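Okay, structure first, notes after.
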Amino acid sequence: MSIIKINAITVPADSGDELARRFAARAGAVDGQDGFEGFELLKPTDERTQWLVLTRWRDEDAFAAWLNGPSFAEGHRGAAAEGGTGHGHGHGHGEGQAPVSVASELWSYEVAGGSAGS
């Protein structure tokens, strides 16, 4: 059964478009990772300032292998400058780019049910 990792990224109201642009610029960066099943960047449609990055993995080991591997480090340079732990940030910024987010939390779930067509 797949596991879900949700990175809740808090961004100022005027920075969401930049977050989306940076994600688009790195689209596909994790696609080849063993055990990676897909991701969605979810934009709030109300007054919230938290964007959600929902990733699906085969299992916890696959997620841990990506988290501790070179692909994660390459895609997340500068996360520590944002006051984060470097775990699951997904901000999509590289060298020379100012941080977009002001905070981030990593939520972990497993699929407990749902519809057959997904």
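Residue numbers start at 1 in each chain; chains themselves are named A, B, ... in the order of the structure tokens; ligands are numbered from 1 in the order shown.
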Surrounding residues of Gly32 (chain A) excluding itself and chain neighbours under 5 positions, 12 Å, only C-alpha atoms, as a VMD selection string: chain A and resid 27 37 to 38 62 66 71
Selection near region 43-52 of chain A, 8 Å with only C-alpha atoms, sequence-local residues under 5 positions removed, as an MDAnalysis selection string: chainID A and resid 6:13 16
Just write the chosen residues, N, CA and C atoms, as a PDB file, in the first residue's frame.
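Once written, result_21.pdb looks like this:
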ATOM      1  N   ILE A   6       2.996  14.699   2.777  1.00  0.00           N
ATOM      2  CA  ILE A   6       2.458  16.013   2.443  1.00  0.00           C
ATOM      3  C   ILE A   6       3.350  17.059   3.071  1.00  0.00           C
ATOM      4  N   ASN A   7       3.916  17.917   2.235  1.00  0.00           N
ATOM      5  CA  ASN A   7       4.712  19.026   2.727  1.00  0.00           C
ATOM      6  C   ASN A   7       3.816  20.255   2.688  1.00  0.00           C
ATOM      7  N   ALA A   8       3.449  20.764   3.866  1.00  0.00           N
ATOM      8  CA  ALA A   8       2.615  21.957   3.968  1.00  0.00           C
ATOM      9  C   ALA A   8       3.551  23.164   4.033  1.00  0.00           C
ATOM     10  N   ILE A   9       3.581  23.932   2.958  1.00  0.00           N
ATOM     11  CA  ILE A   9       4.518  25.055   2.835  1.00  0.00           C
ATOM     12  C   ILE A   9       3.752  26.358   2.986  1.00  0.00           C
ATOM     13  N   THR A  10       4.113  27.130   3.990  1.00  0.00           N
ATOM     14  CA  THR A  10       3.484  28.433   4.200  1.00  0.00           C
ATOM     15  C   THR A  10       4.260  29.475   3.421  1.00  0.00           C
ATOM     16  N   VAL A  11       3.559  30.179   2.528  1.00  0.00           N
ATOM     17  CA  VAL A  11       4.188  31.217   1.710  1.00  0.00           C
ATOM     18  C   VAL A  11       3.390  32.512   1.842  1.00  0.00           C
ATOM     19  N   PRO A  12       4.063  33.655   1.781  1.00  0.00           N
ATOM     20  CA  PRO A  12       3.321  34.917   1.768  1.00  0.00           C
ATOM     21  C   PRO A  12       2.356  34.936   0.582  1.00  0.00           C
ATOM     22  N   ALA A  13       1.254  35.633   0.731  1.00  0.00           N
ATOM     23  CA  ALA A  13       0.194  35.641  -0.288  1.00  0.00           C
ATOM     24  C   ALA A  13       0.710  36.015  -1.672  1.00  0.00           C
ATOM     25  N   GLY A  16       3.070  32.853  -3.921  1.00  0.00           N
ATOM     26  CA  GLY A  16       2.602  31.560  -4.410  1.00  0.00           C
ATOM     27  C   GLY A  16       2.946  31.306  -5.859  1.00  0.00           C
TER      28      GLY A  16
END
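What separates CA of Leu19 (chain A) from CA of Phe72 (chain A) is a distance of 17.2 Å.
Among the candidates A:Leu41, A:Ala112, A:Arg26, A:Phe36, the residue lying nearest to Glu60 (chain A) is A:Phe36 (atoms considered: only C-alpha atoms).
A straight line drawn from CA of Ser2 (chain A) to CA of Trp57 (chain A) is 5.6 Å long.
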